[in-house]
file upload.csv (CSV, C-alpha atoms)
chain,number,residue,atom,x,y,z
A,278,MET,CA,9.0,135.6,133.6
A,279,GLN,CA,5.8,135.6,131.5
A,280,ARG,CA,4.4,133.0,129.3
A,281,MET,CA,2.2,133.9,126.4
A,282,ILE,CA,0.4,131.9,123.7
A,283,ARG,CA,0.0,134.2,120.8
A,284,LYS,CA,-2.7,134.4,118.1
A,285,LEU,CA,-2.5,131.5,115.7
A,286,LEU,CA,-3.7,131.7,112.1
A,287,PRO,CA,-3.9,128.2,110.7
A,288,LEU,CA,-5.3,128.6,107.2
A,289,PHE,CA,-7.6,131.7,107.4
A,290,CYS,CA,-9.4,130.9,110.6
A,291,LEU,CA,-8.7,133.1,113.6
A,292,ILE,CA,-8.2,131.2,116.8
A,293,SER,CA,-9.1,133.0,120.0
A,294,LEU,CA,-6.2,134.5,122.0
A,295,THR,CA,-5.3,132.9,125.3
A,296,VAL,CA,-3.0,134.7,127.7
A,297,ARG,CA,-1.4,133.0,130.7
A,298,SER,CA,1.6,134.1,132.9
A,299,GLN,CA,4.0,132.4,135.1
A,300,THR,CA,5.8,134.5,137.7
A,301,PHE,CA,8.6,133.2,140.0
A,302,SER,CA,9.1,134.7,143.4
A,303,PHE,CA,12.1,132.5,144.1
A,304,ASN,CA,10.9,131.9,147.6
A,305,ASP,CA,11.7,128.1,147.1
A,306,LEU,CA,12.6,125.7,144.4
A,307,SER,CA,9.2,124.1,144.0
A,308,ALA,CA,8.8,125.5,140.5
A,309,PHE,CA,11.7,123.4,139.2
A,310,LYS,CA,12.4,119.7,138.5
A,311,THR,CA,14.8,117.9,140.8
A,312,PRO,CA,17.2,120.8,141.5
A,313,THR,CA,20.8,119.7,142.3
A,314,ALA,CA,23.0,121.0,145.1
A,315,ASN,CA,24.4,123.8,143.0
A,316,TRP,CA,21.1,125.6,143.1
A,317,SER,CA,19.7,127.5,146.1
A,318,ILE,CA,17.4,130.3,147.2
A,319,ALA,CA,19.0,133.3,148.8
A,320,GLY,CA,18.4,136.9,149.9
A,321,ASP,CA,21.2,138.3,147.7
A,322,ALA,CA,24.3,137.3,145.8
A,323,ILE,CA,27.8,138.8,146.2
A,324,VAL,CA,30.6,138.5,143.7
A,325,ASP,CA,34.4,138.5,144.4
A,326,LEU,CA,35.8,140.8,141.7
A,327,ASN,CA,39.4,139.6,142.5
A,328,GLN,CA,38.7,136.0,141.7
A,329,ASN,CA,37.1,134.2,138.8
A,330,ASN,CA,33.8,132.4,139.3
A,331,VAL,CA,33.5,133.2,143.0
A,332,MET,CA,30.0,134.1,144.3
A,333,THR,CA,28.6,133.9,147.8
A,334,THR,CA,25.0,134.3,149.0
A,335,THR,CA,23.2,135.8,152.0
A,336,PRO,CA,20.2,134.1,153.7
A,337,GLY,CA,16.8,135.0,152.6
A,338,LYS,CA,14.4,134.7,149.7
A,339,GLY,CA,13.9,136.3,146.3
A,340,VAL,CA,17.2,135.2,144.5
A,341,LEU,CA,17.8,132.0,142.6
A,342,ALA,CA,21.6,131.3,142.9
A,343,CYS,CA,23.8,128.8,141.1
A,344,ILE,CA,27.2,128.2,142.8
A,345,GLN,CA,29.1,126.1,140.4
A,346,LEU,CA,30.5,123.0,142.1
A,347,PRO,CA,34.2,122.5,141.2
A,348,GLY,CA,34.8,119.6,138.9
A,349,LYS,CA,31.0,119.0,138.4
A,350,ALA,CA,29.8,119.4,134.8
A,351,GLY,CA,27.1,118.0,132.7
A,352,LEU,CA,23.4,118.4,131.9
A,353,THR,CA,22.4,117.0,135.3
A,354,TYR,CA,23.3,120.3,136.9
A,355,ASN,CA,21.0,122.4,134.7
A,356,LEU,CA,17.7,123.6,136.2
A,357,LEU,CA,14.4,123.0,134.4
A,358,THR,CA,11.0,124.5,135.1
A,359,ASN,CA,8.0,122.2,135.8
A,360,PHE,CA,5.9,124.3,133.4
A,361,GLU,CA,6.4,124.1,129.7
A,362,HIS,CA,5.9,126.9,127.1
A,363,GLY,CA,5.4,127.5,123.4
A,364,ASP,CA,5.5,131.1,122.4
A,365,ALA,CA,6.9,133.1,125.3
A,366,ASP,CA,8.0,136.6,126.4
A,367,VAL,CA,10.6,136.2,129.2
A,368,GLU,CA,12.0,138.9,131.5
A,369,VAL,CA,14.5,138.2,134.2
A,370,GLU,CA,17.4,139.9,135.9
A,371,PHE,CA,20.7,138.1,136.3
A,372,MET,CA,24.1,138.6,137.9
A,373,MET,CA,27.4,137.0,136.6
A,374,ALA,CA,30.4,136.1,138.7
A,375,LYS,CA,33.7,137.4,137.3
A,376,GLY,CA,34.6,135.2,134.3
A,377,SER,CA,31.4,133.2,134.6
A,378,ASN,CA,29.4,131.4,131.9
A,379,SER,CA,25.7,130.4,131.9
A,380,GLY,CA,22.7,130.5,129.7
A,381,ILE,CA,18.9,130.6,129.4
A,382,TYR,CA,17.4,127.9,127.1
A,383,LEU,CA,13.9,128.6,125.7
A,384,GLN,CA,12.0,125.2,125.7
A,385,GLY,CA,15.3,123.8,127.0
A,386,ARG,CA,16.6,123.9,123.4
A,387,TYR,CA,17.6,127.3,122.2
A,388,GLU,CA,20.2,129.1,124.3
A,389,ILE,CA,20.6,132.8,124.9
A,390,GLN,CA,24.2,133.0,126.3
A,391,LEU,CA,25.0,134.5,129.6
A,392,PHE,CA,28.7,135.4,130.1
A,393,ASP,CA,30.9,137.9,131.8
A,394,SER,CA,31.6,140.0,128.7
A,395,TRP,CA,32.4,143.2,130.5
A,396,GLU,CA,34.8,145.3,128.4
A,397,ALA,CA,35.0,142.7,125.6
A,398,LYS,CA,35.9,144.5,122.4
A,399,GLU,CA,35.3,141.7,119.8
A,400,LEU,CA,32.2,139.7,120.3
A,401,HIS,CA,31.9,135.9,119.8
A,402,VAL,CA,29.0,133.4,120.1
A,403,TYR,CA,29.9,132.7,123.7
A,404,ASP,CA,29.5,136.4,124.8
A,405,VAL,CA,26.4,137.6,126.7
A,406,GLY,CA,23.3,137.9,124.6
A,407,SER,CA,24.5,135.7,121.8
A,408,ILE,CA,22.2,133.0,120.4
A,409,TYR,CA,24.6,130.2,121.0
A,410,GLU,CA,25.8,127.9,118.1
A,411,ARG,CA,24.6,124.5,117.1
A,412,TRP,CA,27.0,121.6,117.3
A,413,ASP,CA,27.7,118.5,115.3
A,414,GLU,CA,30.5,116.1,116.2
A,415,ALA,CA,30.4,114.6,112.7
A,416,ARG,CA,31.5,117.9,111.1
A,417,PRO,CA,35.2,118.5,110.4
A,418,SER,CA,37.4,119.9,113.1
A,419,GLY,CA,37.0,123.7,113.4
A,420,THR,CA,33.4,123.6,111.9
A,421,LYS,CA,31.6,121.5,114.6
A,422,GLY,CA,30.0,124.7,115.9
A,423,TYR,CA,27.8,126.5,113.4
A,424,GLU,CA,24.8,128.9,113.0
A,425,GLY,CA,25.6,130.9,116.1
A,426,HIS,CA,24.4,134.6,116.2
A,427,VAL,CA,26.6,137.3,117.8
A,428,PRO,CA,24.8,140.3,119.3
A,429,ARG,CA,24.9,143.6,117.5
A,430,ILE,CA,26.6,145.3,120.4
A,431,ASN,CA,28.2,144.6,123.8
A,432,ALA,CA,25.5,145.7,126.2
A,433,ALA,CA,27.1,143.9,129.2
A,434,LYS,CA,27.5,145.4,132.7
A,435,ALA,CA,30.3,144.6,135.0
A,436,PRO,CA,30.3,141.3,137.0
A,437,GLY,CA,28.5,141.7,140.3
A,438,GLY,CA,25.9,144.0,138.9
A,439,TRP,CA,22.3,143.1,138.1
A,440,GLN,CA,21.4,143.0,134.4
A,441,LYS,CA,18.1,142.7,132.7
A,442,MET,CA,17.3,140.3,129.8
A,443,LYS,CA,14.1,140.4,127.8
A,444,ILE,CA,13.4,137.6,125.2
A,445,SER,CA,10.5,137.3,122.8
A,446,PHE,CA,10.4,133.8,121.4
A,447,GLN,CA,8.2,132.1,118.8
A,448,ALA,CA,8.1,128.4,119.0
A,449,ALA,CA,8.4,126.0,116.1
A,450,ARG,CA,5.1,124.9,114.5
A,451,PHE,CA,4.2,121.3,113.7
A,452,ASP,CA,1.6,119.6,111.6
A,453,THR,CA,-0.9,117.1,112.9
A,454,ALA,CA,1.6,114.3,112.1
A,455,GLY,CA,4.2,116.0,114.3
A,456,LYS,CA,6.4,117.1,111.4
A,457,LYS,CA,8.0,120.5,111.9
A,458,ILE,CA,6.6,123.0,109.3
A,459,THR,CA,8.0,126.3,110.7
A,460,ASN,CA,11.3,126.9,112.5
A,461,ALA,CA,11.4,128.6,115.9
A,462,LYS,CA,12.5,132.3,116.1
A,463,MET,CA,14.0,134.8,118.5
A,464,LEU,CA,11.7,137.7,117.6
A,465,LYS,CA,13.6,140.0,119.9
A,466,VAL,CA,16.4,139.8,122.5
A,467,GLU,CA,17.2,142.8,124.6
A,468,LEU,CA,19.9,143.3,127.2
A,469,ASN,CA,19.9,146.2,129.6
A,470,GLY,CA,17.4,148.0,127.3
A,471,ILE,CA,19.5,147.5,124.1
A,472,THR,CA,18.2,145.4,121.2
A,473,LEU,CA,20.7,142.6,120.4
A,474,HIS,CA,18.7,140.5,117.9
A,475,GLU,CA,15.5,140.7,115.9
A,476,ASN,CA,13.7,138.0,113.9
A,477,VAL,CA,16.4,135.4,114.0
A,478,GLU,CA,15.3,132.0,112.6
A,479,LEU,CA,16.5,129.0,114.6
A,480,LEU,CA,17.1,126.0,112.3
A,481,GLY,CA,17.5,123.6,115.2
A,482,PRO,CA,18.5,123.3,118.9
A,483,THR,CA,21.7,124.9,120.1
A,484,ARG,CA,24.6,123.0,121.8
A,485,SER,CA,24.1,121.2,125.2
A,486,SER,CA,20.3,121.4,124.9
A,487,ILE,CA,17.5,118.9,125.3
A,488,ALA,CA,17.4,116.8,122.2
A,489,GLY,CA,14.7,117.2,119.5
A,490,GLU,CA,12.2,120.0,118.9
A,491,VAL,CA,8.7,120.1,120.4
A,492,PRO,CA,5.6,122.4,120.5
A,493,LYS,CA,6.2,123.0,124.2
A,494,GLY,CA,9.2,122.7,126.5
A,495,PRO,CA,10.6,123.9,129.9
A,496,LEU,CA,12.8,126.9,130.5
A,497,MET,CA,16.3,125.7,131.3
A,498,PHE,CA,19.0,127.5,133.2
A,499,GLN,CA,22.6,126.3,132.7
A,500,GLY,CA,24.2,125.4,135.9
A,501,ASP,CA,27.5,123.6,135.2
A,502,HIS,CA,29.6,126.3,133.6
A,503,GLY,CA,29.8,129.1,136.2
A,504,SER,CA,28.2,130.8,139.1
A,505,VAL,CA,25.2,133.1,138.3
A,506,ALA,CA,22.1,134.5,140.1
A,507,PHE,CA,18.6,135.4,139.0
A,508,ARG,CA,15.8,137.5,140.4
A,509,ASN,CA,12.5,139.1,139.3
call {"tool": "encode", "arguments": {"input": "upload.csv", "output": "structure tokens"}}
result
Amino acid sequence: MQRMIRKLLPLFCLISLTVRSQTFSFNDLSAFKTPTANWSIAGDAIVDLNQNNVMTTTPGKGVLACIQLPGKAGLTYNLLTNFEHGDADVEVEFMMAKGSNSGIYLQGRYEIQLFDSWEAKELHVYDVGSIYERWDEARPSGTKGYEGHVPRINAAKAPGGWQKMKISFQAARFDTAGKKITNAKMLKVELNGITLHENVELLGPTRSSIAGEVPKGPLMFQGDHGSVAFRN
């Protein structure tokens, strides 16, 4: 995963470019805030293709695994990085258990959906690579979810196989008083080498995210919906 602060052009003054990167070796969980028992470091992950949401791990290092705990749900089980980012280019490989559901949240607020969408013919906002919908309990039934973005094509591989996600994200901009003046954007989202989204404006945080919008926030990995593994 790489973190990049891009060129900023407030008014007509060029601010110098600063580039920093954050790479996770997944040798331990020290890069994350208070990980819960569903998260562990492993040598590899193995999926049972005959059962939904069944994943086991082998001893070792290099793989971040989430084994969903039965009956355990809620934001507490998500994993947040210690570092916070603004604009970011993120690359990571992931593996889904059969029928599993997870997600990567830029700044902990804007979710790119991870899902076992293998062989799905009609795509929805819950399928892999979707920009997940926003949610408002005050809206009428059937319209509580809104502004989700379905990928152009189903680029999913079968569960149990490693897949590669690349995300180019532009953070929201704020004035000196802290008022948002520009919405965040998904500049580009790729899955397994196929472009799913380009230049999608994000009017606000997606469902089950950290509340509010900020100049910088952590990466967040969803850990309460299904078993999933990450590497590289």
call {"tool": "closest_residue", "arguments": {"input": "upload.csv", "among": "A:Gly339, A:Gly419, A:Pro312, A:Gly438", "to": "Asp325 in chain A", "atoms": "all atoms listed in the file"}}
result
A:Gly438
call {"tool": "closest_atom_pairs", "arguments": {"input": "upload.csv", "of": "range 469-495 of chain A", "to": "range 385-407 of chain A", "cutoff": "6 Å", "atoms": "only C-alpha atoms", "output": "tab-separated table"}}
result
residue	atom	partner	partner_atom	distance
A:Pro482	CA	A:Arg386	CA	4.9
A:Thr483	CA	A:Tyr387	CA	5.2
A:Ser486	CA	A:Arg386	CA	4.7
A:Ile487	CA	A:Arg386	CA	5.4
A:Pro495	CA	A:Gly385	CA	5.5
call {"tool": "residues_around", "arguments": {"input": "upload.csv", "residues": "Phe371 in chain A", "least_positions_apart": "5", "cutoff": "10 Å", "atoms": "all atoms listed in the file", "output": "VMD selection string"}}
result
chain A and resid 340 to 342 391 437 to 442 505 to 509
call {"tool": "residues_around", "arguments": {"input": "upload.csv", "residues": "range 450-453 of chain A", "least_positions_apart": "5", "cutoff": "10 Å", "atoms": "all atoms listed in the file", "output": "PDB file with C-alpha atoms, in the frame of the given file"}}
result
ATOM      1  CA  GLY A 363       5.400 127.500 123.400  1.00  0.00           C
ATOM      2  CA  ILE A 458       6.600 123.000 109.300  1.00  0.00           C
ATOM      3  CA  THR A 459       8.000 126.300 110.700  1.00  0.00           C
ATOM      4  CA  ASN A 460      11.300 126.900 112.500  1.00  0.00           C
ATOM      5  CA  ALA A 461      11.400 128.600 115.900  1.00  0.00           C
ATOM      6  CA  GLU A 490      12.200 120.000 118.900  1.00  0.00           C
ATOM      7  CA  VAL A 491       8.700 120.100 120.400  1.00  0.00           C
ATOM      8  CA  PRO A 492       5.600 122.400 120.500  1.00  0.00           C
ATOM      9  CA  LYS A 493       6.200 123.000 124.200  1.00  0.00           C
TER      10      LYS A 493
END
call {"tool": "residues_around", "arguments": {"input": "upload.csv", "residues": "Glu424 in chain A", "least_positions_apart": "4", "cutoff": "9 Å", "atoms": "all atoms listed in the file", "output": "JSON, numbers by chain"}}
result
{"A": [408, 409, 410, 411, 412, 479, 480, 483]}
call {"tool": "residues_near_point", "arguments": {"input": "upload.csv", "point": "(6.7, 123.3, 135.4)", "cutoff": "7 Å", "atoms": "all atoms listed in the file", "output": "PDB file with C-alpha atoms, keeping the file's coordinate frame"}}
result
ATOM      1  CA  ALA A 308       8.800 125.500 140.500  1.00  0.00           C
ATOM      2  CA  PHE A 309      11.700 123.400 139.200  1.00  0.00           C
ATOM      3  CA  THR A 358      11.000 124.500 135.100  1.00  0.00           C
ATOM      4  CA  ASN A 359       8.000 122.200 135.800  1.00  0.00           C
ATOM      5  CA  PHE A 360       5.900 124.300 133.400  1.00  0.00           C
ATOM      6  CA  GLU A 361       6.400 124.100 129.700  1.00  0.00           C
ATOM      7  CA  PRO A 495      10.600 123.900 129.900  1.00  0.00           C
TER       8      PRO A 495
END
call {"tool": "build_atoms", "arguments": {"input": "upload.csv", "residues": "range 315-326 of chain A", "atoms": "all heavy atoms", "output": "compact mmCIF listing (two decimals), keeping the file's coordinate frame"}}
result
# COMPACT_ATOMS: atom_id res chain seq x y z
N ASN A 315 23.86 122.55 143.44
CA ASN A 315 24.40 123.80 143.00
C ASN A 315 23.42 124.96 142.99
O ASN A 315 23.80 126.13 142.92
CB ASN A 315 25.10 123.70 141.62
CG ASN A 315 24.17 123.08 140.58
OD1 ASN A 315 23.45 122.13 140.87
ND2 ASN A 315 24.22 123.60 139.36
N TRP A 316 22.13 124.64 143.09
CA TRP A 316 21.10 125.60 143.10
C TRP A 316 20.50 125.87 144.46
O TRP A 316 20.28 124.92 145.21
CB TRP A 316 19.95 125.21 142.12
CG TRP A 316 20.36 125.15 140.69
CD1 TRP A 316 20.76 124.04 140.00
CD2 TRP A 316 20.45 126.24 139.78
NE1 TRP A 316 21.09 124.37 138.71
CE2 TRP A 316 20.90 125.72 138.55
CE3 TRP A 316 20.18 127.61 139.88
CZ2 TRP A 316 21.10 126.52 137.42
CZ3 TRP A 316 20.36 128.41 138.76
CH2 TRP A 316 20.82 127.87 137.55
N SER A 317 20.24 127.14 144.78
CA SER A 317 19.70 127.50 146.10
C SER A 317 18.89 128.76 146.02
O SER A 317 19.04 129.54 145.06
CB SER A 317 20.75 127.56 147.16
OG SER A 317 21.62 128.66 146.86
N ILE A 318 18.07 129.01 147.03
CA ILE A 318 17.40 130.30 147.20
C ILE A 318 18.09 131.11 148.21
O ILE A 318 18.51 130.62 149.27
CB ILE A 318 15.90 130.02 147.64
CG1 ILE A 318 15.14 129.23 146.58
CG2 ILE A 318 15.20 131.34 147.94
CD1 ILE A 318 15.01 129.93 145.23
N ALA A 319 18.26 132.40 147.91
CA ALA A 319 19.00 133.30 148.80
C ALA A 319 18.36 134.66 148.85
O ALA A 319 17.41 134.96 148.10
CB ALA A 319 20.45 133.45 148.23
N GLY A 320 18.86 135.49 149.77
CA GLY A 320 18.40 136.90 149.90
C GLY A 320 19.11 137.78 148.92
O GLY A 320 18.55 138.75 148.41
N ASP A 321 20.39 137.47 148.65
CA ASP A 321 21.20 138.30 147.70
C ASP A 321 22.41 137.45 147.33
O ASP A 321 22.72 136.42 147.94
CB ASP A 321 21.62 139.58 148.38
CG ASP A 321 21.97 140.66 147.36
OD1 ASP A 321 21.94 140.37 146.14
OD2 ASP A 321 22.29 141.79 147.77
N ALA A 322 23.09 137.92 146.28
CA ALA A 322 24.30 137.30 145.80
C ALA A 322 25.42 138.33 145.80
O ALA A 322 25.18 139.50 145.49
CB ALA A 322 24.11 136.71 144.42
N ILE A 323 26.62 137.89 146.14
CA ILE A 323 27.80 138.80 146.20
C ILE A 323 28.92 138.16 145.41
O ILE A 323 29.23 136.98 145.57
CB ILE A 323 28.21 139.00 147.67
CG1 ILE A 323 27.05 139.59 148.48
CG2 ILE A 323 29.43 139.93 147.74
CD1 ILE A 323 27.26 139.53 149.97
N VAL A 324 29.55 138.97 144.57
CA VAL A 324 30.60 138.50 143.70
C VAL A 324 31.97 139.02 144.18
O VAL A 324 32.10 140.17 144.59
CB VAL A 324 30.35 138.98 142.25
CG1 VAL A 324 31.58 138.84 141.38
CG2 VAL A 324 29.18 138.22 141.66
N ASP A 325 32.99 138.15 144.15
CA ASP A 325 34.40 138.50 144.40
C ASP A 325 35.01 138.99 143.13
O ASP A 325 35.26 138.16 142.25
CB ASP A 325 35.13 137.37 145.05
CG ASP A 325 36.53 137.76 145.49
OD1 ASP A 325 37.05 138.80 145.03
OD2 ASP A 325 37.13 137.01 146.30
N LEU A 326 35.29 140.26 142.97
CA LEU A 326 35.80 140.80 141.70
C LEU A 326 37.32 140.53 141.57
O LEU A 326 37.90 140.84 140.52
CB LEU A 326 35.55 142.30 141.63
CG LEU A 326 34.07 142.68 141.57
CD1 LEU A 326 33.91 144.19 141.52
CD2 LEU A 326 33.39 142.03 140.37
